[in-house]
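Just below is one structure, and these are the notes that go with it.
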Amino acid sequence: VPYVEGKGWGKGVLKAYGPIEMDPAASVLHYGQAIFEGFKAYKQPDGSIASFRPDANSRRFNASAARLAMPELPEEIFIGAAKALISQDKAWVPGAVGESLYMRPLMIATEAALGVRPSNEYLFVLLASPSGAYFPAGVKPVTVWISDDYVRAAPGGTGFAKCAGNYAASLVAQRQAKEEGCDQVVWLDAIQREYIEEMGGMNIFFVYQEKGETVVVTPELTGTLLPGITRDSLLQLAREQGFRAEERKISVAEWKSAIAEGRMTEAFACGTAAVITPVGHVKSRRGNWDINKGETGPVAAKLREALLNLQHGLAPDTHGWMTKIV
Ligand code: PMP
């Protein structure tokens, strides 16, 4: 779907998957005006196809657009593109629990202009790909690397937006994590380099035992981490499951001492792609530690099942989170 300043959004076209042509001077290639989203479509027991909170993805897309001086995209176009695509062939959406059609909405600046200013022309694209279960052999806890050498996002920057540049800047840290034998990066705040923010493509939760009560904690939204839709959903689901759920600052020092003192029993990452992924081992310049002996804990397992059941239509949608696509 093309956009021209002064004219607005034009008519979309449905095309077989393939390359798109662009001017070499297109703004996106030089100044990185590119935002995206990720959401999934799940086959429901009645044969229909539904998505999990696509309205929230649409709102976050527009928050990203605003930060990058890009135009707002109406929700009808955002969700309509998914409808148009899946209507072609419902069989593109695989059916088993854990499987889905992953959809990647993208907006790029296409105007050929070498001046540093917001583009006057944009293209919205939705591409899709069937996605198998992230853990076909059962959920496997990951090992994470706390990034002391690189920062993902600073106050006033683009951390809360889902823009290409955030990921470009994170790749070198991801490579370092791999070299250290880790699967994922844990990002810290830019100022004190002490407070945990999120992971490369997921938010993070910690599980504490406090006076006989199970407390689920996730870093508060400071503007420098992505407001994950899975994160928001899990805060609600955790409360419904009888856990206390908190959003607050949590430091690396606290993480380390809570593990050493046995007050923290689990940590897990969450996001659209991996749903819930337990964190089994932590490595950093400040020491290494294991969580729950490197095994999946009961809180992560329970929340994961609750979320998957909702998404696949196997539990009643009491929150109105499922949107029928076709
Ligand atoms: N943080 C980052 C940096 C991400 O890329 C993602 C994936 N969109 C998330 C968190 C999790 O967000 P969501 O639950 O909306 O997928």
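In the structure tokens, the first chain shown is A, the next is B, and so on; residue numbers restart at 1 for each chain, and ligands run from 1 in the order shown.
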
Can you pull out every residue within 7 Å of Glu198 (chain A), counting only C-alpha atoms, but drop anything in the same chain fewer than 5 positions away, and send it as a ChimeraX atom specification? /A:186-187,203-204,225

Would you output that residue set with N, CA and C atoms, as an mmCIF file, in the first residue's frame?
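That gives us out.cif:
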```cif
data_model
loop_
_atom_site.group_PDB
_atom_site.id
_atom_site.type_symbol
_atom_site.label_atom_id
_atom_site.label_comp_id
_atom_site.auth_asym_id
_atom_site.auth_seq_id
_atom_site.Cartn_x
_atom_site.Cartn_y
_atom_site.Cartn_z
ATOM 1 N N VAL A 186 20.911 -9.796 27.052
ATOM 2 C CA VAL A 186 20.086 -9.044 28.002
ATOM 3 C C VAL A 186 20.615 -7.611 27.996
ATOM 4 N N TRP A 187 19.726 -6.673 27.691
ATOM 5 C CA TRP A 187 20.119 -5.257 27.617
ATOM 6 C C TRP A 187 19.916 -4.564 28.952
ATOM 7 N N ASN A 203 10.773 -9.603 25.887
ATOM 8 C CA ASN A 203 10.801 -8.991 27.216
ATOM 9 C C ASN A 203 11.160 -10.065 28.244
ATOM 10 N N ILE A 204 11.437 -9.626 29.456
ATOM 11 C CA ILE A 204 11.901 -10.581 30.469
ATOM 12 C C ILE A 204 11.085 -10.482 31.764
ATOM 13 N N LEU A 225 12.560 0.515 26.369
ATOM 14 C CA LEU A 225 12.363 -0.892 25.988
ATOM 15 C C LEU A 225 11.042 -1.035 25.247
#
```

Need the shell around region 33-35 of chain A: protein/DNA/RNA residues with any atom at most 9 Å away, counting only C-alpha atoms. Skip same-chain ones fewer than 5 positions apart. Format as a count of residues only? 20

Which residues form the shell of 6 Å around ligand 1 when you count only C-alpha atoms and all ligand atoms, given as a list in words? Gly38, Gly200, Gly201, Met202, Asn203, Leu226, Gly228, Ile229, Thr230, Arg231, Gly271 and Thr272 of chain A

Would you save the residues from that selection as a CSV table (one decimal), in the first residue's frame, using N, CA and C atoms?
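Heads up, here's the output in again20.csv:
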```csv
chain,number,residue,atom,x,y,z
A,38,GLY,N,5.3,-7.7,14.3
A,38,GLY,CA,5.3,-9.1,14.2
A,38,GLY,C,4.1,-9.6,14.9
A,200,GLY,N,17.0,-9.4,23.2
A,200,GLY,CA,17.1,-9.0,21.8
A,200,GLY,C,15.8,-8.9,21.1
A,201,GLY,N,14.9,-9.8,21.4
A,201,GLY,CA,13.6,-9.8,20.7
A,201,GLY,C,12.5,-10.2,21.6
A,202,MET,N,12.7,-10.1,22.9
A,202,MET,CA,11.8,-10.5,23.9
A,202,MET,C,11.8,-9.7,25.1
A,203,ASN,N,10.8,-9.6,25.9
A,203,ASN,CA,10.8,-9.0,27.2
A,203,ASN,C,11.2,-10.1,28.2
A,226,LEU,N,11.0,-2.1,24.5
A,226,LEU,CA,9.8,-2.3,23.7
A,226,LEU,C,8.6,-2.7,24.5
A,228,GLY,N,6.2,-4.9,25.0
A,228,GLY,CA,5.7,-6.1,24.3
A,228,GLY,C,4.3,-6.4,24.6
A,229,ILE,N,3.6,-7.0,23.6
A,229,ILE,CA,2.2,-7.3,23.8
A,229,ILE,C,2.1,-8.6,24.6
A,230,THR,N,3.1,-9.5,24.4
A,230,THR,CA,3.1,-10.7,25.2
A,230,THR,C,3.3,-10.3,26.7
A,231,ARG,N,4.2,-9.4,26.9
A,231,ARG,CA,4.5,-8.9,28.3
A,231,ARG,C,3.2,-8.4,28.9
A,271,GLY,N,7.7,-13.3,24.1
A,271,GLY,CA,7.5,-12.5,22.9
A,271,GLY,C,6.6,-13.3,21.9
A,272,THR,N,6.2,-12.7,20.8
A,272,THR,CA,5.3,-13.3,19.9
A,272,THR,C,6.0,-14.6,19.3
```

Compile the contact shell of Gly80 (chain A) as JSON, numbers by chain: residues with an atom at most 12 Å away, counting only C-alpha atoms, same-chain residues fewer than 6 positions apart removed. {"A": [1, 11, 12, 13, 14, 54, 55, 58, 73, 74, 86, 87, 105, 125, 126, 323, 324, 325, 326]}

As a PyMOL selection string, please: the residues near region 241-251 of chain A (cut-off 7 Å, only C-alpha atoms, same-chain neighbours under 4 positions excluded). chain A and resi 194-196+214-220+235+237+255

Using only C-alpha atoms, the shortest atom-to-atom distance to Val252 (chain A) among A:Ile146, A:Met322, A:Val207, A:Ala169 belongs to A:Ile146

Using only C-alpha atoms, find each residue of region 53-114 of chain A with at least one atom at most 12 Å away from an atom of region 308-321 of chain A; report its shortest atom-to-atom pair and that distance in Å (one decimal), sort the rows by chain and rising residue number, and return the result as CSV.
```
residue,atom,partner,partner_atom,distance
A:Arg53,CA,A:Trp321,CA,5.0
A:Pro54,CA,A:Trp321,CA,8.4
A:Asp55,CA,A:Trp321,CA,9.0
A:Ala56,CA,A:Trp321,CA,9.4
A:Asn57,CA,A:Trp321,CA,11.8
A:Val93,CA,A:His312,CA,11.8
A:Pro94,CA,A:His312,CA,11.1
A:Gly95,CA,A:His312,CA,8.7
A:Ala96,CA,A:His312,CA,8.6
A:Val97,CA,A:His312,CA,6.6
A:Gly98,CA,A:Leu308,CA,7.1
A:Glu99,CA,A:His312,CA,9.1
A:Ser100,CA,A:His312,CA,9.1
```

Where does DSSP see alpha helix (DSSP H) in region 110-197 of chain A, if you list the residues as a list in words? Ala164, Gly165, Asn166, Tyr167, Ala168, Ala169, Ser170, Leu171, Val172, Ala173, Gln174, Arg175, Gln176, Ala177, Lys178 and Glu179 of chain A

Of the candidates A:Ala253, A:Gly157, A:Asp183, A:Leu303, which one gets nearest to Phe205 (chain A) if we count only C-alpha atoms?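 Nearest to Phe205 (chain A): A:Leu303.
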
Would you please extract all strand (DSSP E or B) residues from region 10-54 of chain A, as assigned by DSSP on the backbone, and give them as an MDAnalysis selection string? chainID A and resid 26 34:36 39:43 49:52

For Val151 (chain A): contacts at 8 Å, only C-alpha atoms, fewer than 4 positions along chain excluded, given as a CSV table (one decimal) with N, CA and C atoms, in the first residue's frame:
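The new file around_39.csv reads:
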```
chain,number,residue,atom,x,y,z
A,147,SER,N,24.7,-7.6,28.4
A,147,SER,CA,25.6,-6.8,27.6
A,147,SER,C,26.1,-5.6,28.4
A,187,TRP,N,19.7,-6.7,27.7
A,187,TRP,CA,20.1,-5.3,27.6
A,187,TRP,C,19.9,-4.6,29.0
A,188,LEU,N,20.8,-3.6,29.2
A,188,LEU,CA,20.7,-2.8,30.5
A,188,LEU,C,20.4,-1.4,30.1
A,189,ASP,N,20.0,-0.6,31.1
A,189,ASP,CA,19.7,0.8,30.9
A,189,ASP,C,21.0,1.5,30.5
A,190,ALA,N,20.8,2.6,29.7
A,190,ALA,CA,21.9,3.4,29.2
A,190,ALA,C,22.6,4.3,30.2
```

Let me make sure I understand: among A:Gly47, A:Pro2, A:Gly18, A:Pro278, which one has the smallest atom-to-atom distance to Ile291 (chain A) if we use only C-alpha atoms? A:Pro278
